[in-house]
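Data from structure-v7.txt: compact mmCIF, C-alpha atoms
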# COMPACT_ATOMS: atom_id res chain seq x y z
CA MET A 1 162.82 83.78 36.82
CA ALA A 2 162.71 85.28 33.39
CA SER A 3 156.71 84.44 33.66
CA SER A 4 154.28 82.49 35.43
CA ALA A 5 153.62 80.23 32.85
CA GLY A 6 150.17 79.14 32.54
CA ASN A 7 149.68 81.39 29.59
CA THR A 8 152.90 83.01 29.18
CA PRO A 9 156.52 84.58 29.34
CA GLU A 10 156.02 83.10 31.30
CA ASN A 11 155.37 81.77 30.46
CA PRO A 12 153.14 82.09 28.92
CA GLU A 13 151.19 79.05 28.82
CA SER A 14 148.47 79.86 26.54
CA GLY A 15 147.20 83.32 26.11
CA SER A 16 143.79 82.70 27.51
CA VAL A 17 141.82 85.73 28.60
CA THR A 18 140.16 85.50 32.01
CA GLN A 19 137.42 87.89 32.97
CA VAL A 20 138.16 90.05 35.98
CA PRO A 21 135.44 89.70 38.59
CA ASP A 22 133.49 92.83 39.38
CA ILE A 23 134.59 94.43 42.63
CA SER A 24 131.83 95.99 44.64
CA ASP A 25 133.60 97.50 47.60
CA GLY A 26 132.74 101.08 46.72
CA PRO A 27 133.28 103.60 43.88
CA GLU A 28 136.82 104.52 44.90
CA ARG A 29 138.09 100.96 44.76
CA ARG A 30 136.21 100.21 41.55
CA GLY A 31 137.83 103.25 40.01
CA ARG A 32 141.31 102.05 40.98
CA VAL A 33 140.71 98.62 39.47
CA ARG A 34 139.30 100.05 36.25
CA ALA A 35 142.26 102.38 35.95
CA ARG A 36 144.65 99.44 36.32
CA ARG A 37 142.81 97.46 33.67
CA ALA A 38 143.35 100.27 31.18
CA ALA A 39 146.86 101.13 32.31
CA ILE A 40 149.63 101.94 29.87
CA MET A 41 153.11 101.11 31.15
CA ALA A 42 156.69 101.02 29.93
CA VAL A 43 158.38 97.65 29.47
CA PRO A 44 161.62 97.50 31.51
CA ALA A 45 164.87 98.11 29.67
CA THR A 46 165.67 94.43 29.28
CA ALA A 47 163.80 94.48 26.03
CA ILE A 48 165.68 97.41 24.53
CA ALA A 49 167.26 100.57 25.86
CA ALA A 50 164.19 102.64 25.04
CA GLY A 51 160.99 101.95 26.99
CA LEU A 52 158.26 100.15 25.06
CA LEU A 53 154.60 100.86 25.65
CA VAL A 54 152.48 97.90 26.66
CA LEU A 55 148.71 98.11 26.51
CA THR A 56 147.29 95.79 29.11
CA ALA A 57 144.17 93.96 28.00
CA GLU A 58 141.28 93.67 30.42
CA GLY A 59 141.63 90.47 32.39
CA ALA A 60 144.89 89.35 30.73
CA LEU A 61 146.73 86.98 33.07
CA GLY A 62 150.44 86.23 33.21
CA VAL A 63 149.79 83.00 35.09
CA GLN A 64 146.78 80.76 35.68
CA PHE A 65 146.93 80.59 39.45
CA ALA A 66 146.33 83.10 42.22
CA ILE A 67 149.58 84.78 43.20
CA SER A 68 150.51 85.28 46.85
CA GLY A 69 151.12 88.99 46.33
CA MET A 70 154.61 88.68 47.86
CA PRO A 71 157.29 89.75 45.34
CA PHE A 72 160.54 87.82 45.11
CA THR A 73 163.93 88.71 43.67
CA VAL A 74 165.72 86.66 41.01
CA THR A 75 169.26 87.30 39.85
CA ALA A 76 171.68 85.53 37.52
CA THR A 77 175.07 86.50 36.17
CA GLU A 78 173.98 85.31 32.75
CA LEU A 79 170.85 84.16 30.98
CA LYS A 80 170.84 82.63 27.51
CA GLY A 81 167.62 81.67 25.77
CA THR A 82 166.08 80.64 22.47
CA GLY A 83 162.53 81.55 21.58
CA PHE A 84 161.76 84.76 23.51
CA GLU A 85 158.42 86.54 23.86
CA GLN A 86 157.24 89.40 26.07
CA PHE A 87 153.90 91.15 26.67
CA GLY A 88 151.91 92.89 29.41
CA GLY A 89 149.30 91.42 31.70
CA LEU A 90 147.58 91.38 35.08
CA ASP A 91 148.17 88.86 37.84
CA HIS A 92 145.51 88.30 40.49
CA MET A 93 145.73 87.44 44.16
CA ALA A 94 143.33 85.16 45.99
CA ALA A 95 140.16 86.82 47.19
CA ASP A 96 140.65 88.84 50.38
CA SER A 97 144.42 88.33 50.31
CA PRO A 98 146.11 90.22 53.16
CA ASN A 99 148.74 91.35 50.65
CA GLU A 100 146.45 93.21 48.28
CA GLY A 101 146.87 96.62 49.96
CA ASP A 102 145.45 99.29 47.66
CA THR A 103 145.97 97.22 44.49
CA GLY A 104 142.50 95.71 44.37
CA GLY A 105 144.23 92.33 44.35
CA GLN A 106 145.77 92.95 40.92
CA VAL A 107 149.40 93.43 39.91
CA LEU A 108 150.39 94.86 36.54
CA VAL A 109 153.24 92.73 35.17
CA VAL A 110 155.45 92.13 32.16
CA THR A 111 155.27 88.47 31.17
CA SER A 112 158.42 87.04 29.59
CA VAL A 113 158.44 83.60 27.97
CA ILE A 114 161.55 81.67 26.90
CA LYS A 115 161.26 78.34 25.13
CA ASP A 116 164.65 77.07 26.32
CA ALA A 117 166.88 78.89 28.81
CA THR A 118 170.11 78.41 30.74
CA LEU A 119 171.08 80.54 33.73
CA THR A 120 174.39 80.92 35.52
CA LYS A 121 174.57 81.50 39.29
CA LEU A 122 170.83 81.71 39.82
CA CYS A 123 169.68 83.27 43.10
CA GLN A 124 166.10 83.67 44.30
CA SER A 125 165.01 85.25 47.56
CA VAL A 126 161.75 86.30 49.18
CA ASP A 127 161.51 88.58 52.21
CA LEU A 128 159.49 86.88 54.93
CA GLY A 129 159.71 89.84 57.28
CA GLY A 130 163.19 90.29 58.64
CA ILE A 131 164.57 87.07 57.14
CA ASN A 132 164.89 85.84 53.56
CA LEU A 133 164.13 82.42 52.15
CA ARG A 134 166.98 82.06 49.68
CA ILE A 135 167.64 79.56 46.87
CA THR A 136 170.84 79.31 44.82
CA ALA A 137 171.80 76.94 41.97
CA GLY A 138 173.94 76.70 38.87
CA ALA A 139 177.15 78.09 40.38
CA GLY A 140 179.33 75.20 39.13
CA LYS A 141 180.02 73.80 35.67
CA ASP A 142 176.39 72.72 35.27
CA LYS A 143 173.98 75.58 34.66
CA VAL A 144 170.32 75.93 35.54
CA GLU A 145 168.16 74.73 32.64
CA ALA A 146 164.51 75.52 32.00
CA SER A 147 162.00 74.90 29.24
CA ASP A 148 158.85 76.95 28.65
CA LEU A 149 160.12 79.36 31.29
CA THR A 150 157.64 82.09 32.15
CA THR A 151 158.13 84.99 34.55
CA ASP A 152 155.75 87.76 35.58
CA SER A 153 157.83 90.78 36.59
CA THR A 154 157.32 94.31 37.79
CA GLU A 155 161.02 95.18 37.40
CA LEU A 156 163.64 93.68 35.10
CA SER A 157 167.15 94.94 34.37
CA GLY A 158 170.41 93.77 32.83
CA ASN A 159 172.60 94.02 29.74
CA ALA A 160 170.51 92.54 26.94
CA ALA A 161 171.05 91.43 23.34
CA PHE A 162 168.55 89.91 20.90
CA THR A 163 168.66 88.33 17.45
CA ASN A 164 165.91 88.86 14.88
CA ILE A 165 163.78 90.89 17.27
CA GLU A 166 160.24 91.94 16.31
CA ILE A 167 158.64 94.80 18.22
CA GLY A 168 154.98 95.77 18.09
CA ASN A 169 153.43 92.34 17.44
CA ASP A 170 149.94 91.46 18.56
CA ALA A 171 150.53 89.15 21.52
CA SER A 172 148.04 86.60 20.19
CA GLU A 173 150.21 86.10 17.08
CA LEU A 174 153.54 85.37 18.80
CA ASN A 175 155.28 82.20 17.61
CA LYS A 176 158.94 82.27 18.71
CA ALA A 177 158.33 80.38 21.98
CA GLY A 178 155.60 78.11 20.66
CA PRO A 179 151.81 78.28 21.15
CA LYS A 180 152.12 78.30 24.95
CA GLY A 181 153.84 81.67 24.75
CA ARG A 182 151.03 83.57 23.11
CA GLY A 183 149.31 86.38 24.94
CA PRO A 184 145.88 88.02 24.70
CA ILE A 185 144.69 89.54 21.44
CA GLY A 186 145.16 93.30 21.10
CA VAL A 187 148.14 93.48 23.47
CA PHE A 188 151.43 95.06 22.39
CA SER A 189 154.32 92.58 22.47
CA GLN A 190 157.74 91.67 21.14
CA GLN A 191 159.66 88.51 20.33
CA SER A 192 163.08 87.36 19.14
CA ASP A 193 164.89 84.20 18.07
CA THR A 194 167.38 84.45 20.94
CA VAL A 195 167.90 86.52 24.08
CA TYR A 196 170.99 87.16 26.18
CA ILE A 197 170.91 89.07 29.47
CA GLY A 198 173.99 89.66 31.57
CA ASP A 199 173.67 90.70 35.23
CA LEU A 200 169.98 89.80 35.21
CA ARG A 201 167.84 91.14 38.05
CA GLN A 202 164.08 90.73 38.33
CA THR A 203 161.32 91.48 40.78
CA ASN A 204 158.80 88.70 40.11
CA TYR A 205 155.37 87.72 41.30
CA ALA A 206 155.24 84.37 39.52
CA THR A 207 157.49 81.92 37.70
CA THR A 208 156.55 78.70 35.91
CA ALA A 209 158.40 76.23 33.73
CA GLY A 210 157.74 72.96 31.96
CA VAL A 211 161.09 71.61 33.17
CA PHE A 212 163.37 73.29 35.72
CA LYS A 213 166.77 71.70 36.46
CA LEU A 214 168.66 73.21 39.42
CA PRO A 215 172.15 71.67 39.78
CA GLY A 216 173.86 72.45 43.08
CA LEU A 217 170.59 73.55 44.67
CA LYS A 218 170.86 75.15 48.09
CA LEU A 219 167.86 76.38 50.07
CA GLY A 220 167.92 78.08 53.43
CA PHE A 221 167.18 81.18 55.46
CA SER A 222 169.50 84.17 55.30
CA ASP A 223 169.68 87.78 56.42
CA LYS A 224 170.86 88.62 52.90
CA ALA A 225 168.62 88.90 49.87
CA CYS A 226 169.81 88.18 46.33
If you took the structure in this file and wrote it as structure tokens, what would it be?
Amino acid sequence: MASSAGNTPENPESGSVTQVPDISDGPERRGRVRARRAAIMAVPATAIAAGLLVLTAEGALGVQFAISGMPFTVTATELKGTGFEQFGGLDHMAADSPNEGDTGGQVLVVTSVIKDATLTKLCQSVDLGGINLRITAGAGKDKVEASDLTTDSTELSGNAAFTNIEIGNDASELNKAGPKGRGPIGVFSQQSDTVYIGDLRQTNYATTAGVFKLPGLKLGFSDKAC
């Protein structure tokens, strides 16, 4: 995981707005990119049971680096966090990435930022084409700990609970996760004092954190994904 964090959720590092370069590979492709810039999507049900509409600002980034374009899975039996924020954005691949497909090199994401988080039985895996690079941690008495955790997700599910949640904020005015968690102005967002998610499962394109402690870390190749 739960950003991403250059500007986060995730993480949400600052909320800077980066201009999307003009794409001049023909009218059809330009049309796809423009449509994605103006896309309206539903936030996954980890926020609340009902879907929330997120208006994606032009050029809004979940992270401040070029993503590989290869999604990875993150699971945890339990996530507990203080200072939670969430808003929509666009992540960008490096120019001429072989993974861009018909996306125009852009991925529409939900950025989640958590000021301080603990995760139990964390698992992360990425499909490398027939085999998975798999990381596990936090299965013992010591849990995974992260600060300024930001994740950029296309799918997020689990059993969630929030305290003092605010829904419909302007992303540029968020303050629960600190100034690094703010998003672009004019973007629909939500925040809460605390967040709990049981049976967390995410499909992420980026994760960043100020500090990431992984007790009991194990990394290896496996035929099983998380």
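Atom pair CA of Ile67 in chain A / CA of Ala139 in chain A has a distance of 28.5 Å (rounded to one decimal).
Compared by their closest atoms to Asp142 in chain A, and using all atoms listed in the file, the residues A:Val107, A:Ala66, A:Leu122, A:Ala206 rank with A:Leu122 nearest.
Minimum distance to Phe84 in chain A across A:Ile165, A:Ala137, A:Leu214, A:Ile114 (counting only C-alpha atoms) occurs at A:Ile114.
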Q) Between A:Asn175, A:Thr82, A:Ser222, A:Thr118, which is the closest to Ala161 in chain A once you count only C-alpha atoms? A) A:Thr82
Q.
Residues within 12 Å of range 128-130 of chain A, please, as a PyMOL selection string. Count all atoms listed in the file; anything in the same chain fewer than 5 positions from it doesn't count.
A. chain A and resi 70-72+221-225
Q) Nearest to Gln124 in chain A: which of A:Ser192, A:Thr73, A:Thr163, A:Thr207 is it, counting only C-alpha atoms? A) A:Thr73
(Q) So, with all atoms listed in the file as the atoms that count, which of A:Ser125, A:Thr150, A:Asn132, A:Thr203 lies closest to Gly183 in chain A? (A) A:Thr150
Q.
Is it possible to get the residues within 12 Å of (171.1, 90.2, 37.4) (coordinates as in the file, counting all atoms listed in the file) written as a PyMOL selection string?
A. chain A and resi 1-2+46+73-79+119-124+155-160+196-203+226
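Between CA of Lys180 in chain A and CA of Phe87 in chain A lies a distance of 13.1 Å.
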Could you name the residues that touch Gly210 in chain A at 9 Å or less, counting only C-alpha atoms, but leaving out those on the same chain fewer than 2 positions away, as a PDB file with C-alpha atoms, keeping the file's coordinate frame?
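Output file around10.pdb is given in full below:
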ATOM      1  CA  ALA A   5     153.620  80.230  32.850  1.00  0.00           C
ATOM      2  CA  ALA A 146     164.510  75.520  32.000  1.00  0.00           C
ATOM      3  CA  SER A 147     162.000  74.900  29.240  1.00  0.00           C
ATOM      4  CA  ASP A 148     158.850  76.950  28.650  1.00  0.00           C
ATOM      5  CA  LEU A 149     160.120  79.360  31.290  1.00  0.00           C
ATOM      6  CA  THR A 208     156.550  78.700  35.910  1.00  0.00           C
ATOM      7  CA  PHE A 212     163.370  73.290  35.720  1.00  0.00           C
TER       8      PHE A 212
END
Q: Considering only C-alpha atoms, state which residue in the set A:His92, A:Lys176, A:Lys80, A:Lys213 is at the smallest distance from Gln190 in chain A.
A: A:Lys176
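Pairwise distance (CA of Ile131 in chain A, CA of Gly216 in chain A) equals 22.3 Å.
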